[in-house]
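To start, the structure under review is shown below, and the notes come after it.
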Amino acid sequence: MNHLLPYRIRVAVPVPIHDCFDYEVSAQQYADLKIGMRVSVPFGRQICVAIVIEKIALDTELSTQFKLKKITDILDQKPLLDQHILKLLIWSAQYYMYPLGEVIQSAFPAKLRQGHRYDVVTPEWQLNPTPHDLDQQLKRSSKQKVAYEYLQTHQGHVLENQLNQQGISTATLKTLEKKQLITKQDVPIDFSRHPVNLAENELIANTEQQHVLNQILPLLTQYHGYLLDGITGSGKTEIYLQIMWQILKQNKQVLVLVPEIGLTPQTIARFSARFDCPIALLHSGLNETKRLQAWQQAQTGQAGIILGTRSAIYVPIPDLGLIILDEEHDLSFKQQEGFRYHARDVALYRGYLAQCPVILGSATPSIDSFALAKHGKLTHLILNQRAGHASLPKMHILDLKIAPKQHGLSVMLIEKIKATLQKNQQVLVFLNRRGYAPVLMCESCAWQANCPQCDAHFTLHTQPYTHLHCHHCGLIQTLPKHCPACQHTTLKPIGLGTVKIEEGLKELFPTYDVLRVDKDSTRHVGSLEKIYAQIHTEKPLILLGTQMLAKGHHFPHVSLVAILDVDAGLLSVDFRAPERTAQLITQVSGRAGRGNVHGEVILQTLRPDHPILHTLLEHDYRTFAQQTLKERESACLPPYRYSVLIRSDAKNEKDHLAFLTQCAETLTTSAQQSIDIWGPIPAPMQRKAGKYHAHMLLLSENRAQLHYYVSHWWQQVRAITPSHIRLSIDIDPQELG
């Protein structure tokens, strides 16, 4: 009867179901289809874009008595996902216990997820004949002049994507188009491989850098994991560039991941200055067309360098020769919603599949990476010397309890800032709290403005208008005119946010620019680039911001760093909080003294005797990390045990805690003492966005056993979870909140 069996394929459909599904195809479709191609299929009442996972052999018996549905259409002429990336996605779905169809969808840009055809055109800008009044038309705009001159030097035909990467905005190009100086034309994308050349020579490596290069360069054709542990300003980027050049010369591709969009402009500037080759840029700030084009540059092999944030780890790269994770310690590499993968761990497995080196770089490596290096799973490479003649900054702890203050700054710090500016140097003031003030309080009855949906205070914002904003659920309310409790009008902002500090600094130093860098001040496209352009002038100024400033930026003219408040991180219930705090202090401090001027760091705190601060002051981050590893080992905490965090939320406080307790009892019975269960307990912020949150932490010394028992248990739990309770699973969690 085998000859009567239909031609079948197995596909992954983007639905919250862990299984794949079989569909019937015609003989011709069966012949045309290849694994990794997209097809449209009927699923329930909708048509979904699915990916072909398997072509089922014709002699395979049907596992179901039901008639199979037929596919609707074949969307591609050739596979979009190769075997390596499919294997990585399947592994990720299994490891992170997430539906395969949804995991695979995360590897595609939105246009391909929506079923758009692969073939696209891209805009190219061309010069029109030069008008007689060209100078007059460009006189008032330096941006338009730069764009026009760039087109002139590139024979008058340049792709819009290339112009954007040079900092020339589409808005500027459209203005030139209105003046009839240039014309846009859609042209087919050329995905052919371009030769790679050096645009500028390499720097001469110092002794430490050369030692690191000597360990990596002989092993470029095989998988090896490296932890590049270099103090701030030690020249890790130069090591990346020299290794990248060796890979690019072999006609292979390089994947570089950075934690946030804010780092991509300076990184792409360094790459563009060194290498004359196509660079594909992938991050959430791109529109869908540009994201698709960059994805195609990577997938076809055209782009020699792929630079992106977390999700770029799943971009298909046919000739992958090197993976670099810069600032590998950063929490941004861990997806915190939905498919909760960690780009660092996925990168190591991807390097293994592709048989290429993986370099994890940081001045403050994660405790997890230190443990991998300690157990020989990563090669630990150390840089203790700053590049050039720069030296490490000197740190001072200032007791805020006894120090006289003005605008939230100690008088001593104000004098230091004044002296630094008078020497034509720059100052960085760090406060990891945006807005004007974290609390609005009534002076008469002590009422506080709390979010009605969360166990949290409203933050007072004064820009772009005065309002109350909850940073946890996003709720915005107008400012009350009087106290809702006692009707008095004595409402006063308590505490400091970046806007309030900015106000104080402008009052204290009216003749100097104060540049604020936080989520609010950098909302508009190009705003971050404008700020960085000002910072890289030699003009004395004050740079004020949140942790956006703590991540790998090179500010050569900053000689004084002031850290205003890290005390919150010293009091958290999360066992990883000390690690985050130590990393933050070290990273922010590292922005000082990176040029030819000696750096200094002043740390204002209400807890000057805290052991973390003194370890960093008297020793360094590595000493802190070694101490932390010993503490984690004695406490049987990760990385010495493997962990899974189950989160739940519901509108009723008791329902989901009772359900989680029931689930925990089931797991205890099946796992037979091989898993420790902590909880369930209310989350650190129990009420958030109108729902009650709880969690339980599962720990085991044996990862294989933990995953075996939890994966089976998780399938059972999902099947019986009531509709009013939402559960999620987080493998290797990085936060307990």
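Residues are named by chain letter and number: chains run A, B, ... in the order of the structure tokens, numbers start at 1 in each chain, and ligands are numbered from 1 in the order shown.
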Spatial neighbours of A:Ser142, max dist 12 Å, only C-alpha atoms, sep filter under 6 positions, as a list in words: Asp135, Tyr148, Glu149, Ile168 and Thr172 of chain A
Selection near A:Lys377, 10 Å with only C-alpha atoms, sequence-local residues under 5 positions removed, as an NGL selection string: :A and (224-227 or 369-372)
Show me, as CSV, the residues of stretch 82-109 of chain A having an atom within 12 Å of stretch 274-295 of chain A, each with the closest atom pair and its distance in Å, using only C-alpha atoms.
residue,atom,partner,partner_atom,distance
A:Ala107,CA,A:Trp295,CA,9.6
A:Phe108,CA,A:Trp295,CA,8.1
A:Pro109,CA,A:Leu292,CA,5.7
Saved selection, atoms kept: C-alpha atoms, as a short mmCIF file (atom, residue, chain, number, x, y, z; two decimals), in the first residue's frame:
data_model
loop_
_atom_site.label_atom_id
_atom_site.label_comp_id
_atom_site.auth_asym_id
_atom_site.auth_seq_id
_atom_site.Cartn_x
_atom_site.Cartn_y
_atom_site.Cartn_z
CA ALA A 107 15.62 34.08 12.92
CA PHE A 108 13.76 35.90 10.12
CA PRO A 109 13.22 39.63 9.57
#
Quick one: which stretch 415-529 of chain A residues come within 9 Å of stretch 389-410 of chain A, and what is the nearest atom pair for each with the distance in Å to one decimal, counting only C-alpha atoms, rows ordered by chain and ascending number, as JSON lines?
{"residue": "A:Glu415", "atom": "CA", "partner": "A:Ser410", "partner_atom": "CA", "distance": 8.8}
{"residue": "A:Gly495", "atom": "CA", "partner": "A:Gly408", "partner_atom": "CA", "distance": 8.5}
{"residue": "A:Leu496", "atom": "CA", "partner": "A:Gly408", "partner_atom": "CA", "distance": 7.1}
{"residue": "A:Lys500", "atom": "CA", "partner": "A:His407", "partner_atom": "CA", "distance": 8.1}
{"residue": "A:Ile501", "atom": "CA", "partner": "A:His407", "partner_atom": "CA", "distance": 6.8}
{"residue": "A:Glu503", "atom": "CA", "partner": "A:His407", "partner_atom": "CA", "distance": 8.5}
{"residue": "A:Gly504", "atom": "CA", "partner": "A:His407", "partner_atom": "CA", "distance": 5.3}
{"residue": "A:Leu505", "atom": "CA", "partner": "A:His407", "partner_atom": "CA", "distance": 7.8}
{"residue": "A:Leu508", "atom": "CA", "partner": "A:His407", "partner_atom": "CA", "distance": 8.7}
How would the residues just chosen look if you wrote them out with C-alpha atoms as a short mmCIF file (atom, residue, chain, number, x, y, z; two decimals), in the first residue's frame?
data_model
loop_
_atom_site.label_atom_id
_atom_site.label_comp_id
_atom_site.auth_asym_id
_atom_site.auth_seq_id
_atom_site.Cartn_x
_atom_site.Cartn_y
_atom_site.Cartn_z
CA GLU A 415 35.22 71.70 43.23
CA GLY A 495 15.48 62.02 45.31
CA LEU A 496 17.48 62.60 42.16
CA LYS A 500 17.22 67.09 38.12
CA ILE A 501 21.00 66.61 38.19
CA GLU A 503 19.29 71.20 36.08
CA GLY A 504 21.70 71.49 39.01
CA LEU A 505 24.83 71.16 36.87
CA LEU A 508 26.49 75.39 38.93
#
Exercise: stretch 661-676 of chain A partners within 6 Å, only C-alpha atoms, chain neighbours under 6 positions left out, as a count of residues only: 3
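Distances from A:Thr615, A:Thr232, A:Gln266, A:Gln335 to A:Glu529 were compared using only C-alpha atoms, and the smallest one belongs to A:Gln266.
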Selection near A:Asp368, 12 Å with only C-alpha atoms, sequence-local residues under 5 positions removed, as a PyMOL selection string: chain A and resi 227+328-330+344-345+360+373-375+377-378+576+579+625-626+628-629+632-633+637-642+732-734
Would you output that residue set with C-alpha atoms, as a PDB file, in the first residue's frame?
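Full text of selection.pdb as output:
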ATOM      1  CA  LEU A 227      37.638  34.805  27.297  1.00  0.00           C
ATOM      2  CA  GLU A 328      30.045  39.692  26.998  1.00  0.00           C
ATOM      3  CA  HIS A 329      29.007  40.294  30.619  1.00  0.00           C
ATOM      4  CA  ASP A 330      26.153  42.574  29.618  1.00  0.00           C
ATOM      5  CA  ARG A 344      26.588  34.272  24.695  1.00  0.00           C
ATOM      6  CA  ASP A 345      25.757  30.599  25.230  1.00  0.00           C
ATOM      7  CA  LEU A 360      34.083  36.738  24.528  1.00  0.00           C
ATOM      8  CA  ALA A 373      37.642  29.591  32.082  1.00  0.00           C
ATOM      9  CA  LYS A 374      38.496  28.121  35.500  1.00  0.00           C
ATOM     10  CA  HIS A 375      37.249  24.692  34.382  1.00  0.00           C
ATOM     11  CA  LYS A 377      36.091  25.315  28.797  1.00  0.00           C
ATOM     12  CA  LEU A 378      37.351  28.749  27.734  1.00  0.00           C
ATOM     13  CA  ARG A 576      23.727  38.325  41.154  1.00  0.00           C
ATOM     14  CA  GLU A 579      28.223  41.129  40.386  1.00  0.00           C
ATOM     15  CA  ALA A 625      35.237  37.805  40.824  1.00  0.00           C
ATOM     16  CA  GLN A 626      37.466  35.192  42.504  1.00  0.00           C
ATOM     17  CA  THR A 628      32.421  35.770  44.414  1.00  0.00           C
ATOM     18  CA  LEU A 629      33.155  32.379  42.841  1.00  0.00           C
ATOM     19  CA  ARG A 632      28.790  30.944  45.134  1.00  0.00           C
ATOM     20  CA  GLU A 633      30.488  27.560  45.504  1.00  0.00           C
ATOM     21  CA  LEU A 637      24.601  28.736  43.666  1.00  0.00           C
ATOM     22  CA  PRO A 638      25.179  29.097  39.898  1.00  0.00           C
ATOM     23  CA  PRO A 639      27.571  28.555  38.199  1.00  0.00           C
ATOM     24  CA  TYR A 640      28.201  25.638  40.583  1.00  0.00           C
ATOM     25  CA  ARG A 641      24.628  24.452  40.101  1.00  0.00           C
ATOM     26  CA  TYR A 642      22.415  24.709  37.031  1.00  0.00           C
ATOM     27  CA  ASP A 732      19.832  29.657  33.035  1.00  0.00           C
ATOM     28  CA  PRO A 733      18.074  32.802  34.344  1.00  0.00           C
ATOM     29  CA  GLN A 734      20.125  35.949  34.841  1.00  0.00           C
TER      30      GLN A 734
END
